[in-house]
>>> print(open('my_file_36.tsv').read())   # TSV, C-alpha atoms
chain	number	residue	atom	x	y	z
A	1	MET	CA	0.00	0.00	0.00
A	2	LYS	CA	1.39	3.34	-0.99
A	3	LYS	CA	0.55	6.58	0.74
A	4	ILE	CA	1.01	10.20	-0.20
A	5	GLN	CA	1.12	12.25	2.97
A	6	TYR	CA	1.52	15.89	3.86
A	7	TYR	CA	2.76	17.38	7.12
A	8	ILE	CA	0.24	19.15	9.35
A	9	SER	CA	1.58	21.59	11.89
A	10	ALA	CA	-0.62	20.47	14.79
A	11	LEU	CA	-2.59	17.33	15.41
A	12	LEU	CA	-6.32	17.71	15.32
A	13	LEU	CA	-8.24	17.06	18.52
A	14	VAL	CA	-11.42	15.11	17.88
A	15	ALA	CA	-14.42	16.01	20.04
A	16	VAL	CA	-17.52	13.86	20.23
A	17	ALA	CA	-20.74	15.84	20.47
A	18	SER	CA	-24.00	14.33	21.63
A	19	MET	CA	-27.02	14.71	19.40
A	20	ALA	CA	-30.39	15.57	20.87
A	21	MET	CA	-33.24	13.74	19.19
A	22	SER	CA	-36.57	15.48	18.75
A	23	SER	CA	-39.65	13.39	19.45
A	24	CYS	CA	-42.62	12.83	17.18
A	25	SER	CA	-41.07	14.69	14.23
A	26	GLU	CA	-42.99	14.56	10.97
A	27	ASP	CA	-40.38	16.51	8.95
A	28	LYS	CA	-39.58	15.05	5.55
A	29	LEU	CA	-36.00	14.09	4.81
A	30	GLY	CA	-34.20	15.64	1.85
A	31	PRO	CA	-32.99	13.68	-1.19
A	32	THR	CA	-30.43	10.96	-0.58
A	33	ILE	CA	-27.55	9.64	-2.66
A	34	PHE	CA	-28.03	6.21	-1.06
A	35	PRO	CA	-30.82	4.44	-2.99
A	36	ASP	CA	-32.16	1.07	-1.81
A	37	VAL	CA	-30.62	-0.71	-4.80
A	38	ASP	CA	-27.16	0.67	-5.58
A	39	GLU	CA	-26.44	-1.56	-8.54
A	40	THR	CA	-29.42	-0.51	-10.67
A	41	LEU	CA	-29.54	2.74	-12.60
A	42	ASP	CA	-32.81	4.36	-11.63
A	43	PRO	CA	-33.72	7.47	-13.70
A	44	THR	CA	-35.81	8.73	-10.77
A	45	SER	CA	-33.00	8.58	-8.20
A	46	TYR	CA	-31.24	11.68	-6.94
A	47	SER	CA	-27.84	10.45	-8.14
A	48	TYR	CA	-28.94	9.09	-11.52
A	49	GLN	CA	-27.09	11.66	-13.64
A	50	LEU	CA	-23.74	11.03	-11.97
A	51	ASP	CA	-24.27	7.28	-11.84
A	52	LYS	CA	-25.08	7.23	-15.57
A	53	PHE	CA	-22.00	9.37	-16.34
A	54	LEU	CA	-19.77	7.04	-14.32
A	55	LYS	CA	-21.18	3.94	-15.99
A	56	ASP	CA	-20.75	5.35	-19.50
A	57	ASN	CA	-17.33	6.99	-19.03
A	58	TYR	CA	-15.59	4.72	-16.53
A	59	LEU	CA	-17.24	1.32	-16.11
A	60	ASP	CA	-18.21	0.62	-19.73
A	61	LYS	CA	-15.10	2.23	-21.23
A	62	TYR	CA	-12.32	1.23	-18.81
A	63	ASN	CA	-13.93	-1.50	-16.68
A	64	LEU	CA	-13.40	0.84	-13.74
A	65	THR	CA	-15.78	1.18	-10.81
A	66	PHE	CA	-16.01	4.77	-9.53
A	67	LEU	CA	-17.16	4.77	-5.89
A	68	TYR	CA	-18.28	7.91	-4.08
A	69	LYS	CA	-20.96	6.58	-1.67
A	70	LEU	CA	-18.33	5.15	0.72
A	71	PRO	CA	-19.25	1.48	1.17
A	72	ASP	CA	-17.74	0.19	4.42
A	73	ILE	CA	-15.75	-2.60	2.80
A	74	SER	CA	-13.85	-0.10	0.62
A	75	THR	CA	-12.12	1.85	3.40
A	76	ASN	CA	-9.69	1.38	6.27
A	77	MET	CA	-11.84	1.06	9.38
A	78	ASN	CA	-9.06	2.62	11.49
A	79	TYR	CA	-9.99	6.03	10.06
A	80	ASN	CA	-13.07	8.11	10.84
A	81	LEU	CA	-14.23	9.00	7.33
A	82	VAL	CA	-17.26	10.63	5.73
A	83	PRO	CA	-18.63	10.30	2.17
A	84	ALA	CA	-17.95	12.81	-0.57
A	85	GLN	CA	-20.62	15.45	-1.08
A	86	TYR	CA	-22.57	14.81	-4.25
A	87	ASP	CA	-21.64	18.06	-6.06
A	88	ASN	CA	-17.97	17.58	-5.19
A	89	ALA	CA	-18.12	13.99	-6.43
A	90	VAL	CA	-19.49	15.33	-9.73
A	91	ASP	CA	-16.67	17.86	-10.01
A	92	LEU	CA	-13.93	15.37	-9.26
A	93	ALA	CA	-15.44	12.76	-11.59
A	94	VAL	CA	-15.36	15.11	-14.57
A	95	LEU	CA	-11.94	16.48	-13.63
A	96	CYS	CA	-10.45	12.98	-13.32
A	97	LYS	CA	-11.70	12.24	-16.79
A	98	HIS	CA	-10.47	15.53	-18.27
A	99	LEU	CA	-7.07	15.70	-16.55
A	100	TRP	CA	-6.13	12.07	-16.31
A	101	PHE	CA	-8.05	9.59	-18.46
A	102	ASP	CA	-8.49	11.86	-21.48
A	103	VAL	CA	-4.81	12.84	-21.22
A	104	TYR	CA	-3.59	9.25	-21.48
A	105	ASP	CA	-6.10	8.54	-24.24
A	106	THR	CA	-4.62	11.46	-26.18
A	107	ILE	CA	-0.92	10.72	-25.56
A	108	ALA	CA	-0.79	6.93	-25.01
A	109	GLY	CA	-3.78	5.82	-27.06
A	110	PRO	CA	-7.35	4.78	-26.16
A	111	ASP	CA	-6.36	1.27	-25.05
A	112	PHE	CA	-3.64	2.25	-22.55
A	113	LEU	CA	-5.83	2.78	-19.50
A	114	LYS	CA	-8.07	-0.10	-20.51
A	115	LEU	CA	-5.03	-2.32	-20.04
A	116	TYR	CA	-3.08	-0.63	-17.25
A	117	GLY	CA	-5.44	1.74	-15.47
A	118	PRO	CA	-6.87	1.16	-12.00
A	119	ARG	CA	-10.04	-0.87	-11.60
A	120	ILE	CA	-11.45	1.07	-8.64
A	121	LEU	CA	-11.49	4.80	-7.94
A	122	LEU	CA	-12.78	5.70	-4.47
A	123	MET	CA	-13.66	9.26	-3.45
A	124	VAL	CA	-13.72	10.03	0.30
A	125	GLY	CA	-15.00	13.32	1.68
A	126	SER	CA	-12.66	13.66	4.65
A	127	PRO	CA	-8.89	13.35	5.12
A	128	ALA	CA	-7.35	10.29	6.72
A	129	LEU	CA	-5.47	11.59	9.75
A	130	ASN	CA	-2.38	9.74	10.96
A	131	VAL	CA	-2.18	10.80	14.61
A	132	SER	CA	1.06	8.97	15.38
A	133	SER	CA	3.07	10.68	12.63
A	134	GLY	CA	1.33	14.07	12.53
A	135	SER	CA	0.40	13.70	8.88
A	136	GLU	CA	-2.63	13.14	6.74
A	137	THR	CA	-3.15	10.76	3.86
A	138	VAL	CA	-4.66	12.36	0.76
A	139	GLY	CA	-4.24	9.43	-1.64
A	140	LEU	CA	-3.63	5.69	-1.73
A	141	ALA	CA	-2.70	3.21	-4.45
A	142	GLU	CA	-3.45	-0.37	-3.45
A	143	GLY	CA	-2.40	-3.55	-5.19
A	144	GLY	CA	-2.11	-1.94	-8.58
A	145	VAL	CA	-5.89	-1.86	-8.97
A	146	LYS	CA	-7.38	0.72	-6.61
A	147	ILE	CA	-6.80	4.44	-6.04
A	148	THR	CA	-8.40	6.40	-3.22
A	149	LEU	CA	-8.61	10.20	-3.12
A	150	PHE	CA	-9.43	11.77	0.25
A	151	LYS	CA	-10.47	15.27	1.33
A	152	VAL	CA	-12.98	15.65	-1.51
A	153	ASN	CA	-15.29	17.81	0.61
A	154	SER	CA	-12.52	20.42	0.97
A	155	MET	CA	-12.00	20.96	-2.73
A	156	ASN	CA	-12.37	24.41	-4.27
A	157	VAL	CA	-12.33	24.27	-8.07
A	158	ASN	CA	-11.54	28.00	-8.20
A	159	ASN	CA	-8.30	27.53	-6.26
A	160	PHE	CA	-5.87	26.07	-8.79
A	161	GLN	CA	-3.03	25.64	-6.29
A	162	MET	CA	-5.23	23.65	-3.92
A	163	MET	CA	-6.65	21.52	-6.72
A	164	ASN	CA	-3.16	20.80	-8.03
A	165	ASP	CA	-1.70	19.96	-4.61
A	166	LEU	CA	-4.52	17.72	-3.39
A	167	TYR	CA	-5.98	16.13	-6.50
A	168	PHE	CA	-4.19	16.59	-9.85
A	169	HIS	CA	-0.79	15.89	-8.31
A	170	THR	CA	-2.21	13.00	-6.28
A	171	MET	CA	-3.87	11.41	-9.33
A	172	HIS	CA	-0.58	11.21	-11.21
A	173	HIS	CA	1.42	10.23	-8.11
A	174	GLU	CA	-0.84	7.28	-7.35
A	175	PHE	CA	-1.04	6.20	-10.99
A	176	ALA	CA	2.78	6.23	-11.14
A	177	HIS	CA	2.66	3.68	-8.31
A	178	ILE	CA	0.30	1.47	-10.29
A	179	LEU	CA	2.55	1.66	-13.33
A	180	HIS	CA	5.74	0.75	-11.45
A	181	GLN	CA	3.91	-2.04	-9.62
A	182	THR	CA	3.19	-3.45	-13.08
A	183	LYS	CA	6.62	-2.84	-14.64
A	184	THR	CA	9.38	-1.97	-12.21
A	185	TYR	CA	11.48	1.14	-12.76
A	186	PRO	CA	15.30	0.96	-13.19
A	187	SER	CA	17.19	0.24	-9.96
A	188	GLU	CA	19.62	2.99	-10.97
A	189	PHE	CA	17.06	5.49	-9.64
A	190	ASN	CA	17.55	4.19	-6.10
A	191	THR	CA	21.29	4.93	-6.14
A	192	ILE	CA	21.05	8.68	-6.78
A	193	SER	CA	20.01	9.70	-3.25
A	194	VAL	CA	21.12	6.62	-1.35
A	195	GLY	CA	21.65	7.39	2.34
A	196	LYS	CA	19.57	10.57	2.19
A	197	TYR	CA	16.10	9.08	2.72
A	198	ASP	CA	14.37	9.40	6.09
A	199	PRO	CA	11.24	7.21	6.35
A	200	THR	CA	10.66	8.17	9.99
A	201	ASN	CA	11.27	11.92	10.22
A	202	TRP	CA	10.54	13.18	6.70
A	203	THR	CA	7.61	15.29	8.02
A	204	GLY	CA	10.10	17.46	9.90
A	205	ARG	CA	12.01	18.34	6.77
A	206	GLY	CA	11.52	21.45	4.62
A	207	LEU	CA	12.81	23.13	1.47
A	208	GLU	CA	16.32	21.99	2.27
A	209	VAL	CA	15.47	18.53	0.90
A	210	THR	CA	15.70	19.97	-2.61
A	211	SER	CA	19.43	20.47	-2.08
A	212	LEU	CA	19.64	16.73	-1.43
A	213	GLY	CA	17.94	15.99	-4.75
A	214	PHE	CA	14.27	15.61	-3.71
A	215	VAL	CA	11.35	17.46	-5.28
A	216	THR	CA	9.30	17.40	-2.04
A	217	THR	CA	9.69	16.38	1.57
A	218	TYR	CA	7.57	13.28	0.96
A	219	ALA	CA	9.89	12.27	-1.87
A	220	SER	CA	12.64	12.07	0.74
A	221	SER	CA	10.80	9.36	2.70
A	222	GLU	CA	11.73	6.37	0.50
A	223	TYR	CA	12.73	5.30	-3.02
A	224	ARG	CA	9.29	4.48	-4.41
A	225	GLU	CA	7.70	7.67	-3.11
A	226	ASP	CA	10.61	9.61	-4.57
A	227	PHE	CA	9.96	8.03	-7.96
A	228	ALA	CA	6.20	8.74	-7.89
A	229	GLU	CA	6.69	12.28	-6.55
A	230	THR	CA	9.30	13.13	-9.18
A	231	ILE	CA	6.90	12.07	-11.94
A	232	ALA	CA	3.87	13.81	-10.42
A	233	CYS	CA	5.70	17.08	-9.80
A	234	PHE	CA	7.31	17.10	-13.24
A	235	ILE	CA	3.91	16.53	-14.87
A	236	THR	CA	1.74	18.90	-12.83
A	237	TYR	CA	3.97	21.77	-11.66
A	238	THR	CA	3.74	25.02	-13.61
A	239	ASP	CA	6.97	26.23	-15.21
A	240	PRO	CA	7.61	28.81	-12.43
A	241	GLU	CA	7.00	26.12	-9.78
A	242	TRP	CA	9.33	23.61	-11.43
A	243	ASN	CA	12.03	26.23	-11.99
A	244	ALA	CA	11.73	27.25	-8.33
A	245	VAL	CA	12.37	23.64	-7.25
A	246	LEU	CA	15.53	23.51	-9.35
A	247	ASN	CA	16.59	26.93	-8.06
A	248	TYR	CA	16.18	25.86	-4.43
A	249	ALA	CA	17.95	22.58	-5.20
A	250	ALA	CA	21.06	24.41	-6.39
A	251	ARG	CA	21.43	26.34	-3.11
A	252	GLY	CA	23.01	25.76	0.25
A	253	TRP	CA	20.78	25.65	3.31
A	254	ALA	CA	21.21	26.28	7.02
A	255	THR	CA	18.95	26.13	10.04
A	256	ASP	CA	18.26	28.74	12.69
A	257	ALA	CA	17.72	26.13	15.40
A	258	SER	CA	19.76	23.81	17.55
A	259	GLU	CA	19.97	20.11	16.73
A	260	ASP	CA	17.31	19.17	19.29
A	261	ASP	CA	14.81	21.77	18.05
A	262	THR	CA	11.98	20.02	16.20
A	263	ASP	CA	10.66	23.34	14.84
A	264	ALA	CA	13.80	24.24	12.93
A	265	THR	CA	13.38	26.67	10.03
A	266	TYR	CA	15.79	26.47	7.12
A	267	TYR	CA	17.05	29.40	5.08
A	268	SER	CA	19.30	29.86	2.07
A	269	PHE	CA	20.25	33.56	2.40
A	270	TYR	CA	20.98	35.93	5.25
A	271	TYR	CA	22.28	39.41	6.00
A	272	TYR	CA	24.11	41.21	8.83
A	273	PRO	CA	22.17	44.19	10.19
A	274	ASN	CA	24.91	45.39	12.53
A	275	ASN	CA	28.42	45.69	11.13
A	276	ASP	CA	28.64	42.14	9.80
A	277	SER	CA	28.48	40.64	13.28
A	278	GLU	CA	28.02	36.89	13.06
A	279	GLN	CA	26.01	37.01	16.25
A	280	ASP	CA	23.42	39.33	14.65
A	281	LYS	CA	23.04	37.37	11.41
A	282	VAL	CA	19.42	37.45	10.20
A	283	ALA	CA	18.00	34.64	8.08
A	284	LEU	CA	15.64	35.14	5.16
A	285	TYR	CA	12.65	32.78	4.87
A	286	PRO	CA	12.20	31.78	2.11
A	287	SER	CA	14.47	34.05	0.15
A	288	ASP	CA	15.51	35.21	-3.26
A	289	GLU	CA	18.95	36.63	-3.94
A	290	ARG	CA	17.42	39.35	-6.11
A	291	ASN	CA	15.45	40.87	-3.26
A	292	ILE	CA	14.45	40.31	0.32
A	293	ALA	CA	10.79	39.40	0.39
A	294	ARG	CA	10.42	38.71	4.12
A	295	VAL	CA	12.88	39.41	6.93
A	296	THR	CA	11.96	38.46	10.48
A	297	VAL	CA	13.73	40.42	13.24
A	298	ASP	CA	12.74	39.82	16.87
A	299	GLY	CA	9.50	38.22	15.73
A	300	VAL	CA	8.54	41.18	13.52
A	301	VAL	CA	8.35	40.75	9.75
A	302	HIS	CA	9.97	43.50	7.66
A	303	THR	CA	10.07	43.82	3.88
A	304	TYR	CA	13.14	45.21	2.12
A	305	TRP	CA	14.50	45.39	-1.38
A	306	LYS	CA	18.13	44.67	-2.08
A	307	ASN	CA	20.37	47.72	-1.54
A	308	GLU	CA	17.75	49.47	0.59
A	309	ARG	CA	18.79	50.48	4.09
A	310	ASP	CA	17.38	48.86	7.18
A	311	LYS	CA	16.12	50.78	10.21
A	312	SER	CA	19.66	51.19	11.48
A	313	GLY	CA	20.73	52.84	8.23
A	314	ASN	CA	22.77	49.87	7.07
A	315	ARG	CA	22.47	48.91	3.41
A	316	ILE	CA	21.06	45.44	2.89
A	317	VAL	CA	23.71	43.02	1.63
A	318	VAL	CA	22.55	39.48	0.96
A	319	TYR	CA	24.81	36.47	1.50
A	320	ALA	CA	24.17	32.96	0.20
A	321	VAL	CA	24.49	30.01	2.54
A	322	GLU	CA	27.43	27.85	1.52
A	323	ASP	CA	26.35	24.54	-0.02
A	324	LYS	CA	28.24	21.94	2.03
A	325	ASP	CA	26.19	18.78	1.47
A	326	GLY	CA	28.33	17.65	-1.46
A	327	ILE	CA	25.28	17.10	-3.67
A	328	ALA	CA	24.22	19.10	-6.72
A	329	GLY	CA	20.51	18.88	-5.91
A	330	ASP	CA	19.29	20.28	-9.23
A	331	GLU	CA	21.42	17.82	-11.20
A	332	ALA	CA	20.17	14.92	-9.06
A	333	ILE	CA	16.53	15.89	-9.69
A	334	LEU	CA	17.08	16.21	-13.42
A	335	GLN	CA	18.85	12.84	-13.44
A	336	LYS	CA	15.81	11.28	-11.78
A	337	VAL	CA	13.51	12.89	-14.35
A	338	GLN	CA	15.63	11.49	-17.15
A	339	ILE	CA	15.38	7.97	-15.72
A	340	ALA	CA	11.60	8.36	-15.46
A	341	ARG	CA	11.48	9.76	-18.99
A	342	GLN	CA	13.42	6.78	-20.39
A	343	TRP	CA	11.31	4.32	-18.38
A	344	PHE	CA	8.08	5.77	-19.75
A	345	HIS	CA	9.50	5.41	-23.27
A	346	ASP	CA	10.98	1.93	-22.93
A	347	ALA	CA	8.36	0.29	-20.69
A	348	TRP	CA	5.20	2.04	-21.89
A	349	ASN	CA	6.00	3.69	-25.24
A	350	VAL	CA	4.79	6.98	-23.75
A	351	ASP	CA	6.51	10.36	-24.15
A	352	LEU	CA	6.71	11.88	-20.66
A	353	ASP	CA	7.29	15.40	-21.99
A	354	SER	CA	4.21	15.18	-24.20
A	355	LEU	CA	2.24	13.91	-21.22
A	356	ARG	CA	3.46	16.87	-19.17
A	357	LYS	CA	2.55	19.35	-21.90
A	358	GLU	CA	-0.97	17.94	-22.29
A	359	VAL	CA	-1.61	17.88	-18.51
A	360	ARG	CA	-0.46	21.46	-18.05
A	361	LYS	CA	-2.54	22.71	-20.97
A	362	ARG	CA	-5.66	21.09	-19.60
A	363	GLN	CA	-5.22	21.95	-15.94
A	364	MET	CA	-4.62	25.63	-16.65
A	365	HIS	CA	-7.61	26.13	-18.93
A	366	TYR	CA	-10.46	23.86	-17.91
A	367	ASP	CA	-14.02	25.21	-17.93
A	368	MET	CA	-15.95	23.76	-14.98
A	369	ASP	CA	-19.37	24.74	-16.31
A	370	SER	CA	-18.68	22.92	-19.55
A	371	LEU	CA	-17.31	19.86	-17.74
A	372	ARG	CA	-20.26	19.71	-15.35
A	373	ARG	CA	-22.72	19.74	-18.24
A	374	GLN	CA	-21.45	16.26	-19.13
A	375	VAL	CA	-23.29	15.11	-16.00
A	376	TYR	CA	-26.11	17.58	-15.52
A	377	ASN	CA	-27.30	17.43	-19.16
A	378	ILE	CA	-27.98	13.69	-18.83
A	379	HIS	CA	-31.71	12.89	-18.99
>>> encode(input="my_file_36.tsv", output="structure tokens")
Amino acid sequence: MKKIQYYISALLLVAVASMAMSSCSEDKLGPTIFPDVDETLDPTSYSYQLDKFLKDNYLDKYNLTFLYKLPDISTNMNYNLVPAQYDNAVDLAVLCKHLWFDVYDTIAGPDFLKLYGPRILLMVGSPALNVSSGSETVGLAEGGVKITLFKVNSMNVNNFQMMNDLYFHTMHHEFAHILHQTKTYPSEFNTISVGKYDPTNWTGRGLEVTSLGFVTTYASSEYREDFAETIACFITYTDPEWNAVLNYAARGWATDASEDDTDATYYSFYYYPNNDSEQDKVALYPSDERNIARVTVDGVVHTYWKNERDKSGNRIVVYAVEDKDGIAGDEAILQKVQIARQWFHDAWNVDLDSLRKEVRKRQMHYDMDSLRRQVYNIH
């Protein structure tokens, strides 16, 4: 079982509230997405339009069952989960088709996902919280046949960054797992960052992992997650986002905390506000050598531009942190991409760069009203 997890700064406390029941109520219940007979398409049911869309576009075409009503047997009973809201299930169903299935049909051919795609897609409304590690699971790929997407009830189709982080990225990450479970990737990939993975404490890492050759903190947890994350980021990141990763990867990083501080913040540039005194060195988080976007002094955030003067009258001079890890992080990331690129070509006859171009074109310009009409125009 593969998991894609993201760090959460504080664990959630779960409170159980008692529900008062009113007696002798005659109020009518609203429409339900849980008909008596799930398996039968009923044109009079509340969920008929979505169910018909899923049958026509997933089950009949790809032999894939799209689940959004959260049957008990489909989930890990260790989590407290809730079903996806109907409208959100509609949105994610049409987006999965547009940004994933239609993409592979276009680039790899109409039979590719019929042969190698998952057989079950499960949508879950809530996140899966991992209390012991302080993380949350937003996607799972299981046994090469099933993909689960969590947190569907939090989606905002108007927030591209959120949609990309939680769903588009996750779709391609989890599908990369299914592909490498079917045809393994070259073992050469595992040698690039050997000794730098941290399966236990990866949630405590930050941008400094790029200097070690990882595209994200989760990529630094283990080989297989690194492989899936490299592919997913390369495919879904915008050009500025991808260039920023490579830029951070080429830098040196330092921390402002002692070794036993679990809340360490890493920085890649700094300046001296008082006569170049090492004791008064101020870190920039995160920083750009062309300007100082945010400078925190004594808990107060100040904004300066390079060559301006600070409040003491000293001109701002920015210094780069020396890169001492012995790894060219940007070169390591690009080497990993090249291995993935060659693997897609040799194992699957798929051009990874064409896949990336098609995904980016679609995810930047989709029209939700038009996509929704695929469901809501069904009669």
>>> closest_residue(input="my_file_36.tsv", among="A:Val94, A:Leu149, A:Thr182, A:Thr217", to="Leu81 in chain A", atoms="all atoms listed in the file")
A:Leu149
>>> residues_near_point(input="my_file_36.tsv", point="(12.3, 21.4, -6.4)", cutoff="7 Å", atoms="all atoms listed in the file", output="MDAnalysis selection string")
chainID A and resid 210 214:216 242 244:246 248:249
>>> atom_distance(input="my_file_36.tsv", atom1="CA of Ala332 in chain A", atom2="CA of Leu99 in chain A")
28.3 Å
>>> residues_around(input="my_file_36.tsv", residues="range 251-254 of chain A", least_positions_apart="5", cutoff="8 Å", atoms="only C-alpha atoms", output="NGL selection string")
:A and (208 or 211 or 266-269 or 320-325)
>>> atom_distance(input="my_file_36.tsv", atom1="CA of Trp343 in chain A", atom2="CA of Gly117 in chain A")
17.2 Å
>>> closest_atom_pairs(input="my_file_36.tsv", of="range 155-207 of chain A", to="range 364-373 of chain A", cutoff="12 Å", atoms="all atoms listed in the file", output="tab-separated table")
residue	atom	partner	partner_atom	distance
A:Asn156	CA	A:Met368	CA	11.3
A:Val157	CA	A:Met368	CA	7.8
A:Asn158	CA	A:Met368	CA	9.1
A:Asn159	CA	A:Met364	CA	11.2
A:Phe160	CA	A:Met364	CA	8.0
A:Gln161	CA	A:Met364	CA	10.5
A:Met163	CA	A:Met364	CA	10.9
A:Asn164	CA	A:Met364	CA	10.0
A:Phe168	CA	A:Met364	CA	11.3
>>> atom_distance(input="my_file_36.tsv", atom1="CA of Ser221 in chain A", atom2="CA of Gln338 in chain A")
20.5 Å
>>> residues_around(input="my_file_36.tsv", residues="Ile192 in chain A", least_positions_apart="4", cutoff="10 Å", atoms="only C-alpha atoms", output="number ranges by chain")
A: 187-188, 196, 212-213, 223, 327, 332-333, 335-336
>>> closest_residue(input="my_file_36.tsv", among="A:Phe112, A:Trp100, A:Phe344, A:Tyr185", to="His169 in chain A", atoms="all atoms listed in the file")
A:Trp100
>>> residues_near_point(input="my_file_36.tsv", point="(-12.1, 10.0, -18.1)", cutoff="10 Å", atoms="only C-alpha atoms", output="list in words")
Leu54, Asp56, Asn57, Tyr58, Lys61, Tyr62, Ala93, Val94, Leu95, Cys96, Lys97, His98, Leu99, Trp100, Phe101, Asp102, Val103, Tyr104, Asp105 and Leu113 of chain A
>>> residues_around(input="my_file_36.tsv", residues="Arg224 in chain A", least_positions_apart="4", cutoff="12 Å", atoms="only C-alpha atoms", output="PyMOL selection string")
chain A and resi 1-4+173-174+176-181+184-187+189-190+193+197+199+218-220+228-231+336+340
>>> closest_residue(input="my_file_36.tsv", among="A:Val209, A:Met155, A:Leu284, A:Leu59", to="Ala250 in chain A", atoms="all atoms listed in the file")
A:Val209
>>> closest_residue(input="my_file_36.tsv", among="A:Asn247, A:Ala232, A:Tyr68, A:Thr265", to="Ala328 in chain A", atoms="all atoms listed in the file")
A:Asn247
